[in-house]
Structures are given as structure tokens and as C-alpha cells.
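Since the structure comes first, as C-alpha cells, the remarks are kept for the end.
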Protein chains: 2
Amino acid sequence: MEKGCRFGTHRVLEPQGVLPQAAVKIDNTMTIRANEILVDVTALNIDSASFRQLEEEAGHDMEKVKAKILAIVSQRGKMQNPVTGSGGMLMGKVAKIGEDLKGKIDLQEGDALATLVSLSLTPLKIEEIKGIKPEIDRVEVKAQAILFESGLYAKLPADLPENLVLAALDVAGAPAQTAKLVKPGDRVLILGAGGKSGMMCCYEAMKRVGPTGWVVAADRGEASRDLLLKNGFCHAYFAEDATKPVAVLEKALEANHQEEYDIAINVVNVQNTEMSTILPVKDKGIVYFFSMATSFTKAALGAEGVGKDVTMVIGNGYTKGHAEITLQELRESPKLREIFERLYL
Amino acid sequence: MEKGCRFGTHRVLEPQGVLPQAAVKIDNTMTIRANEILVDVTALNIDSASFRQLEEEAGHDMEKVKAKILAIVSQRGKMQNPVTGSGGMLMGKVAKIGEDLKGKIDLQEGDALATLVSLSLTPLKIEEIKGIKPEIDRVEVKAQAILFESGLYAKLPADLPENLVLAALDVAGAPAQTAKLVKPGDRVLILGAGGKSGMMCCYEAMKRVGPTGWVVAADRGEASRDLLLKNGFCHAYFAEDATKPVAVLEKALEANHQEEYDIAINVVNVQNTEMSTILPVKDKGIVYFFSMATSFTKAALGAEGVGKDVTMVIGNGYTKGHAEITLQELRESPKLREIFERLYL
Ligand SMILES: NC(=O)c1ccc[n+]([C@@H]2O[C@H](COP(=O)([O-])OP(=O)(O)OC[C@H]3O[C@@H](n4cnc5c(N)ncnc54)[C@H](OP(=O)(O)O)[C@@H]3O)[C@@H](O)[C@H]2O)c1
Ligand SMILES: NC(=O)c1ccc[n+]([C@@H]2O[C@H](COP(=O)([O-])OP(=O)(O)OC[C@H]3O[C@@H](n4cnc5c(N)ncnc54)[C@H](OP(=O)(O)O)[C@@H]3O)[C@@H](O)[C@H]2O)c1
């Protein structure tokens, strides 16, 4: 077997010189290289922005959605929505592992897995679409896909329901980065704390700060106050619109004995929340932006404008062991698991 | 004297709840609060994007540019171009220091200074425009301005020419962050190394890595190779288009004995260079984005797509001592100073 580029560039057909995600067409021949993995795919979880666009374009006619998905995949060699640019993830069973990887990774042929890299870069060939479940953006298929050497995946564990695993893995980066970032004794502010990644970040921050730390959760309204406080997911809570930096600063300091924070974590899903995340943090502190609505220039120029010597980090969706760290939260905390089962299944 | 908010929010007139930079109108009354500084302004250095817009709108008629500047400042209370949103910086002499700051900061009444926060958030009142020098985007004025407690400034040193100081301070964040970031023995990659901040970052990285480190400079073409290598600003150089991640990765590894880097610093000024910065860095390494053309989502999703566990940092224009660190480079290195005098005066 020939070896391919670990990032899959050997499958890029056009334009030349880019990575598979940026390519408009990739090679979806289902013969693997020595460092690739072949997957028998059972379902696609289409990214929600992409699914909404497909549904609307098709006037909610699922037969038309099916035809459109087949057309995209046969044209591009991957399920990347040409309008939204986004993909999703897939589930399936390992069919074949290239000889360079065999025995060196924690996968065996027959293992059930979900990919943690986007469908927007994953070679895919669909034989048949068996059904669509629009409520959960799920497309059931008979298909095959290729995972590159750099591709991320999670083995589906036997002890947790599949849909719970998928809901949690969707935001795996945020709690795992929180776990690595937050140190004992830290004072931590979490904006957007009532959301899916927010709750997991709160839980993880509480665990990491230990008895000497202080975790303050904030969200737009009062809806999450009881949930977070009563379950012990934070020490204090305040409600404020995260696009109002001055108001957030005041309430954040009040909730932290008038002191600045060591770390602020932004998991809000709206624009213009950069300054609310930066202002409450002390000099040399850390500002972690997970929100995909973060603007690079607003953060860079904003911190300079107020003379804040803070380290601002771009939330990387991947960190080593992110899937394990995230699923471990659900095993450890029956309360968190119960909330996730109630809200996200 | 009454005390104001350290970020100047007491001067925001509309809309309420935002910081001075986001405000459309601020109070430019020239009576200072206890934690403000009054400056007699002699010149404005208009941000180059803003100046170009003003010039074009005025059909290159400098009298019309003058009138437009006066109109903007009287309407907004600050010199923030309504089209580009950007400002610039100012030069002047300290006229009065609020009683809360007096003796506590390194400024005295009469000191010459340049502001390091944008004109887009600085209360300004212009009495008269004396002249315009379009070649250097300079507007000579009789005016007054207010610096907030959080406002950044640099005292103009007596030993360096004013224009050299301004050219260097323009990019002060990048070399200062490099100084704090790069450790002895590090292998450092600098993309856009032939540019203004690139050269300063190279110089600083060479100093910090010491005899056991390795600094690789890269730029689009061959123009900077000799300049950087002959002056000892890097150990190795390669030319490649930073929007071509696969080609950059290959050349970057080749220039570093086929090893990945501890740190990559991006000071390119074009879009789509995120992956070229991320790919050459080892797991747990640092990716520093200074380029204002950086896309938050391209960096976040791109690193996940290739499974890179790197810490990606948003280049903060400010870090403690950034002006001193930057000017010190010009004092220390006659070669760097000579290049800056040749290229940027
Ligand atoms: N880089 C990564 O790996 C990574 C990982 C996880 C998440 N993310 C990103 O993080 C963000 C959050 O994801 P999620 O799945 O946790 O979303 P989510 O469940 O919708 O949570 C967002 C939270 O922010 C709150 N919020 C919205 N507008 C607000 C405002 N103006 N002020 C204060 N709070 C406000 C929401 O409150 P309401 O419910 O009241 O609107 C909600 O509680 C998304 O942008 C996502 O893409 C990135
Ligand atoms: N956050 C901060 O505090 C901070 C501080 C300093 C700078 N910056 C930002 O950093 C960037 C650089 O600033 P600067 O003043 O140093 O600009 P500059 O002098 O124009 O330098 C940019 C360099 O990038 C090179 N370049 C352009 N396109 C390229 C490509 N496709 N491949 C490889 N190299 C390419 C340029 O080469 P050519 O000359 O051949 O085009 C030039 O050498 C700007 O976006 C600036 O806003 C931010």
C-alpha cells in the first residue's frame, strides 16, 4: 500500500495546493492508502446550519433533500454544503485499517465510531439514502468514507446511549480546554454558561478550581440560575446581556468580591461579546473565546484600546483526549447527564 | 475633582452601555477628571486606511480633507472615520495630569508623548488645522485631547528621531509579544518576516532563542532573503506564498531539519494564511496570529480539521512595556535602525 499525506492532501483534486476542507472536489475512491481508514457509514449528522439551508431550498420536501445530498457528494466527493460551507459528522463501523496504522491506534476493524472531523473534508461515497430524520438533522445511509491519518474520531462507548454521546461530542473542545486551562484556586468567569458547552465548562471549571477557587456563571437571563447553582455547577451567577460590556464588568466584579478574574471563557453564540469577556480579566490573565461569533479584529483592537495585557486564545475544537474528557463528565455527574438527556435528546 | 471610569465610559454620549471606541458620540469637554490626562496636541497621524478614504472622497483637495476632519471631530467628539471606523494616533505635550494620577505615573506636565490607543476612542477638540502632509498621513493641529486612565502612551525619547519612533511604535505589539513568548532553544517560524513587524519579530526571536534555538524567516518572494540572513535576523529563510499551506509546510520542515516548530508567528497582511501557520507547529506548540487579516473561524475549525493540538493566540496590540521593548531594538541594533530609517522614514 502506498502512503498518503497525513492531512489527506493526496486526495485534493481542485484547486491544487489547498487542504481537503478548502478543496471544491476531492477524490472519493474507496481504496485506502497505508495510513487511511475505511469506514462503513450508517448515518450522517448534518451540521444544523447546512441542514436548515437544504430543507429550505427543497421547500421541506425530503425527497428533494435526498437528491440534493446525493448530488453534492457525487460532485464534491464529500458532504460539504456549497452555500454554508459546513459539513457535520458521521457514524459507522471500521471496515479496514491501513497497514501503517494497524496496531498503532486504539481502533480495530468492526469498532463503532463517530468522526470528530468535519464531513466538509471527509471523502464519502453514498450508495443509498435509507431515511432522513429532520428533527435531529440525521441522514441514514449505506455509504463508505475515508479517515485520514490526522482525522479525529471517537469510539462509541457501550455504556452511554449513542445520541447522548453525539450531543456531548458536538461541543467536546470547550470542556476539554477548560479542564487543561483552569488551575486550582483560579477565579473563572463563564459567559453563555447556560448553554450546552457552557454547562460542561462550568462543571469542569468547578472540578478544576477546587475548594480555593471561584466560578461565576453568567447568561442572558434568569432561566439558568437555579439549574447551575442548585446543581453545584458554579459558585455565583448573574444575568446580563453579554453585548453590554460595562454592565457585564460591573456585575462580574460584584460577583467576585470586586476582584478581576484569572480566566474568562466565552461560549456565547452571538456577536459583539469580545469586550465583555476581556474587561473582567486581570492583567496577565487568560481570555478564552470558543464562540464562533468571535471577531479576531474586535478582540485584538479592543484589548489594545483599553490597555489590557491579557492572553486571548482562539478556542481550538481539538485538544488531546477531548472526547474522553467530555464523555467522562457525563459518567461522573448523574446531574449533568440527566440535564443533557432532558435537553438534548 | 471627580473620578471617571478608567475606560472612559463616563464620556460616552451615545449609544449607552458601550465603550468609547464603539460609541458614535463622546463628550469632548476639555475639563479633566481626577484620573484623566489633558494633552496639548500638535499632530494627528491618521490611520492610513482612513486617510486614503478621506483623500479620495475629497478628490485629493486638501482644503476639503481639512473641512471633513473638522466636521467629524465636532460631530463625534473624536477623530474616527465613519466609513473605515479607524482612527490613528496623536502627538503632543502633557498639559495637565489629574490629581489621582499625578506622581503615580511616569509622566510629568510638559512631557512630549505619542498616544498608543486609537484616535477612535480619544476625546479630541480641534481649534485649528495648520497643515496636512499627505505623504505621511500627518495633520498638524492646535488641539486638545483627553487620555483615560487605561489609555496607553509613549514618552517621546530624546535620543531617537520622532518619525522613527512613530514608525516603530506602529507595530509595537508584535516584537514585544515575541520577546515574552520565545524561550531559549525554541524553534521559531515567522511568516511575513520581510515586513515591518516581521523584521522586528525576527530580531527579537533571534535574541530570545539564544545559541540553542533556530529562527526560520519566510516571505512571499526572495527580496528579503539577503537582508534578513546577512544581518543575522534569522538562521534560515525560504520564499513561499503563505496562502499555500502544503507548500509552506514542506519548505518549513525542510528549513528546520524536518522537525516541527515550537512557535509560529504570523505577521503577513493577506487573508487565508491560517493553515500555513498552524501546520508546521508541533502538538502543544504555540501559533501567534498578529495579522489583522486572520479569521477566527478559519483558525478554530482549521486546527480541528487537521487534529492539531496547538494553542492559538490572538495578537494583542498591547503588552506591558511594549513601547520600551520596541524602541530598545532600534537602540540596540544599528543594522535594524539603519533599515528602518531607509524604509520607513
Ligand atoms: N471551538 C470549539 O470547539 C467549540 C466548542 C463548543 C462550542 N463552540 C461554540 O461556542 C458557542 C456556544 O455553543 P453551544 O452549543 O454551547 O450554544 P448554546 O447551547 O446555544 O449556548 C449559547 C448560550 O449563550 C447564551 N447567550 C446568547 N446570547 C447571549 C447574550 N446576548 N448574552 C448572554 N448570553 C447569551 C444563550 O442563552 P439563550 O439560550 O438565552 O439564548 C446560551 O445559553 C457556539 O458559537 C459554538 O460554535 C465552539
Ligand atoms: N495586533 C498587533 O498589535 C499588530 C502589531 C503589528 C502588526 N500587526 C498586523 O500584522 C500585519 C503585518 O503588519 P506590517 O506592518 O508588518 O505589514 P507589512 O510591512 O506590509 O508586512 C507584511 C509582510 O507579509 C508579506 N506577505 C504578503 N502577502 C504574502 C503572502 N501571500 N505570502 C507570504 N508573505 C506575504 C509581505 O510581503 P510583500 O512586501 O512582498 O507583500 C510583507 O513582507 C498587519 O495585518 C498588521 O495589522 C498587528
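By convention in this document, the chains of the C-alpha cells carry letters A, B, ... by their order, each chain's residues are numbered from 1, and ligands are numbered from 1 in the order they are shown.
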**Contact residues around A:Lys68 with only C-alpha atoms at 10 Å, ignoring same-chain residues under 6 positions, as a ChimeraX atom specification** = /A:54-55,57-58,62,74,81
**Message:** So that I can check the secondary structure, give me every residue of stretch 104-272 of chain A assigned strand (DSSP E or B) by backbone DSSP, as a PyMOL selection string.
**Reply:** chain A and resi 112-115+124-133+138-147+153-155+187-191+214-219+236-239+261-266
Those same residues - N, CA and C atoms - I'd like them written as a CSV table (one decimal), in the first residue's frame.
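The resulting file, part_38.csv, is reproduced below:
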chain,number,residue,atom,x,y,z
A,112,ALA,N,-17.3,0.5,16.4
A,112,ALA,CA,-18.3,1.6,16.1
A,112,ALA,C,-17.6,2.9,16.4
A,113,LEU,N,-17.7,3.9,15.5
A,113,LEU,CA,-17.1,5.2,15.8
A,113,LEU,C,-18.0,6.3,15.3
A,114,ALA,N,-17.7,7.5,15.8
A,114,ALA,CA,-18.2,8.7,15.2
A,114,ALA,C,-16.9,9.6,14.8
A,115,THR,N,-17.0,10.3,13.7
A,115,THR,CA,-15.8,11.1,13.3
A,115,THR,C,-16.0,12.4,14.1
A,124,LEU,N,-16.3,10.7,0.9
A,124,LEU,CA,-17.5,10.0,1.1
A,124,LEU,C,-18.1,9.5,-0.2
A,125,LYS,N,-18.7,8.3,-0.2
A,125,LYS,CA,-19.4,7.8,-1.3
A,125,LYS,C,-20.7,7.1,-0.9
A,126,ILE,N,-21.8,7.6,-1.3
A,126,ILE,CA,-23.1,7.2,-0.8
A,126,ILE,C,-23.7,6.2,-1.8
A,127,GLU,N,-24.0,5.0,-1.3
A,127,GLU,CA,-24.7,4.0,-2.2
A,127,GLU,C,-26.2,4.3,-2.2
A,128,GLU,N,-26.7,4.5,-1.0
A,128,GLU,CA,-28.2,4.6,-0.9
A,128,GLU,C,-28.5,5.5,0.4
A,129,ILE,N,-29.5,6.4,0.2
A,129,ILE,CA,-30.0,7.1,1.4
A,129,ILE,C,-31.3,6.3,1.9
A,130,LYS,N,-31.2,5.8,3.1
A,130,LYS,CA,-32.3,5.0,3.6
A,130,LYS,C,-33.4,5.8,4.2
A,131,GLY,N,-33.1,6.9,4.8
A,131,GLY,CA,-34.1,7.7,5.5
A,131,GLY,C,-33.5,9.0,6.0
A,132,ILE,N,-34.4,9.9,6.3
A,132,ILE,CA,-34.0,11.2,6.9
A,132,ILE,C,-34.8,11.5,8.1
A,133,LYS,N,-34.1,11.9,9.2
A,133,LYS,CA,-34.8,12.3,10.4
A,133,LYS,C,-34.6,13.8,10.6
A,138,ARG,N,-30.5,14.1,10.9
A,138,ARG,CA,-29.8,12.8,10.7
A,138,ARG,C,-30.2,12.2,9.4
A,139,VAL,N,-29.2,11.7,8.6
A,139,VAL,CA,-29.4,11.1,7.3
A,139,VAL,C,-28.9,9.6,7.4
A,140,GLU,N,-29.8,8.6,7.3
A,140,GLU,CA,-29.4,7.2,7.4
A,140,GLU,C,-29.0,6.8,6.0
A,141,VAL,N,-27.8,6.2,6.0
A,141,VAL,CA,-27.2,5.8,4.7
A,141,VAL,C,-26.6,4.5,4.6
A,142,LYS,N,-26.4,4.0,3.4
A,142,LYS,CA,-25.4,2.9,3.2
A,142,LYS,C,-24.3,3.6,2.4
A,143,ALA,N,-23.2,3.8,3.0
A,143,ALA,CA,-22.1,4.6,2.4
A,143,ALA,C,-20.8,4.1,2.9
A,144,GLN,N,-19.7,4.7,2.3
A,144,GLN,CA,-18.4,4.5,2.8
A,144,GLN,C,-17.6,5.8,2.9
A,145,ALA,N,-16.7,5.8,3.8
A,145,ALA,CA,-15.9,7.1,3.9
A,145,ALA,C,-14.5,6.7,4.3
A,146,ILE,N,-13.6,7.7,4.1
A,146,ILE,CA,-12.2,7.6,4.4
A,146,ILE,C,-11.8,8.5,5.6
A,147,LEU,N,-11.0,8.0,6.5
A,147,LEU,CA,-10.5,8.9,7.5
A,147,LEU,C,-9.0,9.0,7.3
A,153,TYR,N,-11.5,10.9,15.7
A,153,TYR,CA,-12.7,10.0,15.8
A,153,TYR,C,-12.9,9.7,17.3
A,154,ALA,N,-14.1,9.2,17.6
A,154,ALA,CA,-14.3,8.7,19.0
A,154,ALA,C,-14.9,7.4,18.8
A,155,LYS,N,-14.4,6.4,19.5
A,155,LYS,CA,-15.1,5.1,19.6
A,155,LYS,C,-16.4,5.3,20.4
A,187,ARG,N,-10.0,32.1,39.7
A,187,ARG,CA,-11.3,32.7,39.7
A,187,ARG,C,-11.7,32.8,38.2
A,188,VAL,N,-12.8,32.1,37.9
A,188,VAL,CA,-13.2,31.8,36.5
A,188,VAL,C,-14.6,32.5,36.2
A,189,LEU,N,-14.7,33.2,35.1
A,189,LEU,CA,-15.9,33.7,34.6
A,189,LEU,C,-16.3,33.0,33.3
A,190,ILE,N,-17.6,32.5,33.3
A,190,ILE,CA,-18.1,31.8,32.1
A,190,ILE,C,-19.3,32.5,31.5
A,191,LEU,N,-19.1,33.1,30.3
A,191,LEU,CA,-20.2,33.8,29.7
A,191,LEU,C,-21.0,32.8,28.7
A,214,TRP,N,-13.1,30.0,42.5
A,214,TRP,CA,-14.4,30.6,42.5
A,214,TRP,C,-14.9,30.7,41.0
A,215,VAL,N,-16.0,30.1,40.8
A,215,VAL,CA,-16.5,30.0,39.4
A,215,VAL,C,-17.8,30.8,39.3
A,216,VAL,N,-17.8,31.8,38.4
A,216,VAL,CA,-19.0,32.7,38.2
A,216,VAL,C,-19.6,32.4,36.9
A,217,ALA,N,-20.9,32.0,36.9
A,217,ALA,CA,-21.6,31.7,35.6
A,217,ALA,C,-22.4,32.9,35.2
A,218,ALA,N,-22.5,33.2,33.9
A,218,ALA,CA,-23.4,34.3,33.5
A,218,ALA,C,-24.1,33.9,32.2
A,219,ASP,N,-25.3,34.4,32.1
A,219,ASP,CA,-26.1,34.1,30.9
A,219,ASP,C,-27.0,35.3,30.7
A,236,ALA,N,-21.4,31.4,41.9
A,236,ALA,CA,-22.3,32.5,41.8
A,236,ALA,C,-22.8,32.7,40.4
A,237,TYR,N,-23.9,33.4,40.2
A,237,TYR,CA,-24.5,33.5,38.9
A,237,TYR,C,-25.0,35.0,38.7
A,238,PHE,N,-24.8,35.5,37.5
A,238,PHE,CA,-25.5,36.8,37.3
A,238,PHE,C,-26.1,36.8,35.8
A,239,ALA,N,-27.2,37.5,35.7
A,239,ALA,CA,-27.8,37.6,34.4
A,239,ALA,C,-27.5,39.0,33.7
A,261,TYR,N,-10.7,38.6,37.3
A,261,TYR,CA,-10.7,37.2,37.1
A,261,TYR,C,-9.3,36.7,36.5
A,262,ASP,N,-9.0,35.5,36.8
A,262,ASP,CA,-7.8,34.8,36.2
A,262,ASP,C,-8.1,34.4,34.8
A,263,ILE,N,-9.3,33.9,34.6
A,263,ILE,CA,-9.7,33.4,33.3
A,263,ILE,C,-11.2,33.8,33.0
A,264,ALA,N,-11.5,34.2,31.7
A,264,ALA,CA,-12.8,34.3,31.3
A,264,ALA,C,-13.0,33.4,30.1
A,265,ILE,N,-14.1,32.6,30.0
A,265,ILE,CA,-14.4,31.7,28.9
A,265,ILE,C,-15.7,32.1,28.3
A,266,ASN,N,-15.6,32.4,26.9
A,266,ASN,CA,-16.8,32.8,26.2
A,266,ASN,C,-17.4,31.7,25.4
**Message:** Neighbours of ligand 1 at 6 Å or closer, counting only C-alpha atoms and all ligand atoms: which residues, as an MDAnalysis selection string?
**Reply:** (chainID A and resid 171:174 192:198 219:220 241:243 267:270 290:293 315:317) or (chainID B and resid 300)
**Prompt:** Mind listing as a ChimeraX atom specification which residues of chain A are within 6 Å of chain B, counting only C-alpha atoms?
**Reply:** /A:17,117,150,244,246,296,300,304-307,309,312-314,316-319
Given the selection you just returned, output its residues as a file containing N, CA, C and O atoms, formatted as a PDB file, in the first residue's frame.
ATOM      1  N   GLY A  17      -2.960  22.545  -4.052  1.00  0.00           N
ATOM      2  CA  GLY A  17      -2.192  23.293  -3.049  1.00  0.00           C
ATOM      3  C   GLY A  17      -2.958  23.603  -1.775  1.00  0.00           C
ATOM      4  O   GLY A  17      -2.398  24.138  -0.829  1.00  0.00           O
ATOM      5  N   VAL A 117     -13.888  14.948  12.947  1.00  0.00           N
ATOM      6  CA  VAL A 117     -13.531  15.961  11.950  1.00  0.00           C
ATOM      7  C   VAL A 117     -14.729  16.134  11.043  1.00  0.00           C
ATOM      8  O   VAL A 117     -15.544  15.244  10.897  1.00  0.00           O
ATOM      9  N   SER A 150      -4.578  12.141  10.109  1.00  0.00           N
ATOM     10  CA  SER A 150      -4.782  13.228  11.076  1.00  0.00           C
ATOM     11  C   SER A 150      -6.242  13.341  11.513  1.00  0.00           C
ATOM     12  O   SER A 150      -6.585  14.177  12.340  1.00  0.00           O
ATOM     13  N   LYS A 244     -23.180  43.961  26.368  1.00  0.00           N
ATOM     14  CA  LYS A 244     -23.108  45.215  27.136  1.00  0.00           C
ATOM     15  C   LYS A 244     -21.899  45.143  28.074  1.00  0.00           C
ATOM     16  O   LYS A 244     -22.040  44.769  29.254  1.00  0.00           O
ATOM     17  N   VAL A 246     -19.982  47.191  29.763  1.00  0.00           N
ATOM     18  CA  VAL A 246     -19.881  47.932  31.018  1.00  0.00           C
ATOM     19  C   VAL A 246     -20.743  47.282  32.095  1.00  0.00           C
ATOM     20  O   VAL A 246     -20.303  47.086  33.233  1.00  0.00           O
ATOM     21  N   PHE A 296     -11.862  38.365  15.271  1.00  0.00           N
ATOM     22  CA  PHE A 296     -10.441  38.490  15.574  1.00  0.00           C
ATOM     23  C   PHE A 296     -10.047  39.952  15.801  1.00  0.00           C
ATOM     24  O   PHE A 296      -9.410  40.295  16.793  1.00  0.00           O
ATOM     25  N   ALA A 300      -8.569  41.847  19.144  1.00  0.00           N
ATOM     26  CA  ALA A 300      -7.199  42.380  19.135  1.00  0.00           C
ATOM     27  C   ALA A 300      -7.182  43.888  19.385  1.00  0.00           C
ATOM     28  O   ALA A 300      -6.446  44.387  20.239  1.00  0.00           O
ATOM     29  N   GLU A 304      -6.298  46.221  23.088  1.00  0.00           N
ATOM     30  CA  GLU A 304      -5.336  47.326  22.998  1.00  0.00           C
ATOM     31  C   GLU A 304      -5.985  48.639  23.421  1.00  0.00           C
ATOM     32  O   GLU A 304      -5.393  49.429  24.152  1.00  0.00           O
ATOM     33  N   GLY A 305      -7.214  48.844  22.974  1.00  0.00           N
ATOM     34  CA  GLY A 305      -7.905  50.104  23.265  1.00  0.00           C
ATOM     35  C   GLY A 305      -8.073  50.367  24.747  1.00  0.00           C
ATOM     36  O   GLY A 305      -8.065  51.516  25.196  1.00  0.00           O
ATOM     37  N   VAL A 306      -8.218  49.313  25.533  1.00  0.00           N
ATOM     38  CA  VAL A 306      -8.382  49.503  26.975  1.00  0.00           C
ATOM     39  C   VAL A 306      -7.111  49.129  27.739  1.00  0.00           C
ATOM     40  O   VAL A 306      -7.106  49.081  28.972  1.00  0.00           O
ATOM     41  N   GLY A 307      -6.020  48.870  26.999  1.00  0.00           N
ATOM     42  CA  GLY A 307      -4.740  48.598  27.650  1.00  0.00           C
ATOM     43  C   GLY A 307      -4.748  47.362  28.536  1.00  0.00           C
ATOM     44  O   GLY A 307      -4.210  47.365  29.636  1.00  0.00           O
ATOM     45  N   ASP A 309      -3.457  43.739  29.242  1.00  0.00           N
ATOM     46  CA  ASP A 309      -2.380  42.814  28.896  1.00  0.00           C
ATOM     47  C   ASP A 309      -2.831  41.387  29.176  1.00  0.00           C
ATOM     48  O   ASP A 309      -2.344  40.725  30.089  1.00  0.00           O
ATOM     49  N   MET A 312      -5.216  36.201  24.780  1.00  0.00           N
ATOM     50  CA  MET A 312      -6.513  35.851  24.191  1.00  0.00           C
ATOM     51  C   MET A 312      -6.345  34.633  23.309  1.00  0.00           C
ATOM     52  O   MET A 312      -5.571  34.657  22.353  1.00  0.00           O
ATOM     53  N   VAL A 313      -7.072  33.563  23.622  1.00  0.00           N
ATOM     54  CA  VAL A 313      -6.872  32.297  22.932  1.00  0.00           C
ATOM     55  C   VAL A 313      -8.073  31.968  22.046  1.00  0.00           C
ATOM     56  O   VAL A 313      -9.225  32.159  22.444  1.00  0.00           O
ATOM     57  N   ILE A 314      -7.773  31.504  20.823  1.00  0.00           N
ATOM     58  CA  ILE A 314      -8.797  31.050  19.881  1.00  0.00           C
ATOM     59  C   ILE A 314      -9.168  29.619  20.257  1.00  0.00           C
ATOM     60  O   ILE A 314      -8.316  28.734  20.249  1.00  0.00           O
ATOM     61  N   ASN A 316      -9.681  26.147  20.152  1.00  0.00           N
ATOM     62  CA  ASN A 316      -9.391  25.074  19.212  1.00  0.00           C
ATOM     63  C   ASN A 316     -10.374  23.951  19.499  1.00  0.00           C
ATOM     64  O   ASN A 316     -10.480  23.486  20.623  1.00  0.00           O
ATOM     65  N   GLY A 317     -11.118  23.521  18.471  1.00  0.00           N
ATOM     66  CA  GLY A 317     -12.097  22.464  18.656  1.00  0.00           C
ATOM     67  C   GLY A 317     -11.464  21.140  19.085  1.00  0.00           C
ATOM     68  O   GLY A 317     -12.145  20.247  19.561  1.00  0.00           O
ATOM     69  N   TYR A 318     -10.155  21.042  18.904  1.00  0.00           N
ATOM     70  CA  TYR A 318      -9.484  19.796  19.266  1.00  0.00           C
ATOM     71  C   TYR A 318      -8.437  20.013  20.338  1.00  0.00           C
ATOM     72  O   TYR A 318      -7.673  20.971  20.298  1.00  0.00           O
ATOM     73  N   THR A 319      -8.408  19.150  21.297  1.00  0.00           N
ATOM     74  CA  THR A 319      -7.245  19.006  22.159  1.00  0.00           C
ATOM     75  C   THR A 319      -7.165  17.535  22.510  1.00  0.00           C
ATOM     76  O   THR A 319      -8.180  16.829  22.501  1.00  0.00           O
TER      77      THR A 319
END
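With only C-alpha atoms as the basis for measurement, B:Arg33 is the residue among B:Arg33, B:Arg337, B:His235, B:Lys251 that approaches B:Asp100 most closely.
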Skip B:Thr212 itself and residues of its chain fewer than 2 positions away, then list as a PDB file with N, CA, C and O atoms, in the first residue's frame all residues within 8 Å of it, counting only C-alpha atoms.
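Output (part.pdb):
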ATOM      1  N   PRO B 184      14.513  30.307  25.297  1.00  0.00           N
ATOM      2  CA  PRO B 184      15.788  29.774  24.812  1.00  0.00           C
ATOM      3  C   PRO B 184      15.618  28.365  24.248  1.00  0.00           C
ATOM      4  O   PRO B 184      14.920  27.539  24.831  1.00  0.00           O
ATOM      5  N   GLY B 185      16.216  28.126  23.101  1.00  0.00           N
ATOM      6  CA  GLY B 185      16.155  26.805  22.487  1.00  0.00           C
ATOM      7  C   GLY B 185      14.966  26.591  21.566  1.00  0.00           C
ATOM      8  O   GLY B 185      14.898  25.582  20.867  1.00  0.00           O
ATOM      9  N   ASP B 186      14.017  27.517  21.562  1.00  0.00           N
ATOM     10  CA  ASP B 186      12.828  27.354  20.715  1.00  0.00           C
ATOM     11  C   ASP B 186      13.180  27.365  19.226  1.00  0.00           C
ATOM     12  O   ASP B 186      14.104  28.046  18.790  1.00  0.00           O
ATOM     13  N   VAL B 209      15.904  33.159  21.417  1.00  0.00           N
ATOM     14  CA  VAL B 209      16.174  31.722  21.319  1.00  0.00           C
ATOM     15  C   VAL B 209      17.595  31.385  21.778  1.00  0.00           C
ATOM     16  O   VAL B 209      17.866  30.266  22.204  1.00  0.00           O
ATOM     17  N   GLY B 210      18.478  32.364  21.680  1.00  0.00           N
ATOM     18  CA  GLY B 210      19.852  32.123  22.117  1.00  0.00           C
ATOM     19  C   GLY B 210      20.567  31.142  21.213  1.00  0.00           C
ATOM     20  O   GLY B 210      20.050  30.770  20.145  1.00  0.00           O
ATOM     21  N   TRP B 214      16.523  28.189  16.909  1.00  0.00           N
ATOM     22  CA  TRP B 214      16.564  28.196  15.437  1.00  0.00           C
ATOM     23  C   TRP B 214      15.391  29.034  14.941  1.00  0.00           C
ATOM     24  O   TRP B 214      14.230  28.703  15.217  1.00  0.00           O
TER      25      TRP B 214
END
**Message:** I'd like to know which residues of stretch 226-313 of chain B are helix (DSSP H, G or I) (by DSSP, run on the backbone); could you write them as a ChimeraX atom specification?
**Reply:** /B:226-230,245-254,274-278,296-305
**Asked** Please, what distance in Å, to one decimal, runs between atom CA of B:Lys102 and atom CA of B:Asp40?
**Response** 17.1 Å
Residue neighbourhood B:Ile26, 6 Å, only C-alpha atoms, exclusion window fewer than 6 positions, as a short mmCIF file (atom, residue, chain, number, x, y, z; two decimals) with all heavy atoms, in the first residue's frame:
data_model
loop_
_atom_site.label_atom_id
_atom_site.label_comp_id
_atom_site.auth_asym_id
_atom_site.auth_seq_id
_atom_site.Cartn_x
_atom_site.Cartn_y
_atom_site.Cartn_z
N ARG B 11 -17.63 59.28 29.44
CA ARG B 11 -17.72 60.26 28.35
C ARG B 11 -18.55 59.75 27.16
O ARG B 11 -18.69 60.45 26.16
CB ARG B 11 -16.31 60.63 27.87
CG ARG B 11 -15.58 61.55 28.86
CD ARG B 11 -14.26 62.03 28.31
NE ARG B 11 -13.59 62.94 29.24
CZ ARG B 11 -13.64 64.27 29.14
NH1 ARG B 11 -14.33 64.85 28.17
NH2 ARG B 11 -13.01 65.02 30.02
N VAL B 12 -19.06 58.54 27.25
CA VAL B 12 -19.87 58.03 26.14
C VAL B 12 -21.24 58.72 26.16
O VAL B 12 -21.94 58.68 27.17
CB VAL B 12 -20.05 56.49 26.26
CG1 VAL B 12 -21.07 55.99 25.24
CG2 VAL B 12 -18.71 55.79 26.05
N LEU B 13 -21.61 59.34 25.04
CA LEU B 13 -22.92 60.01 24.97
C LEU B 13 -23.95 59.11 24.29
O LEU B 13 -25.08 59.03 24.74
CB LEU B 13 -22.80 61.34 24.23
CG LEU B 13 -21.91 62.40 24.93
CD1 LEU B 13 -21.81 63.67 24.09
CD2 LEU B 13 -22.44 62.74 26.32
N GLY B 77 -16.85 64.02 18.56
CA GLY B 77 -16.02 64.25 19.74
C GLY B 77 -14.70 63.49 19.67
O GLY B 77 -13.93 63.44 20.64
#
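If you look at atom CA of B:Gln80 and atom CA of A:Thr277, they are 24.1 Å away from each other.
Among B:Val65, B:Leu253, B:Leu44, B:Leu169, the residue with the shortest atom-to-atom distance to B:His322, counting only C-alpha atoms, is B:Leu169.
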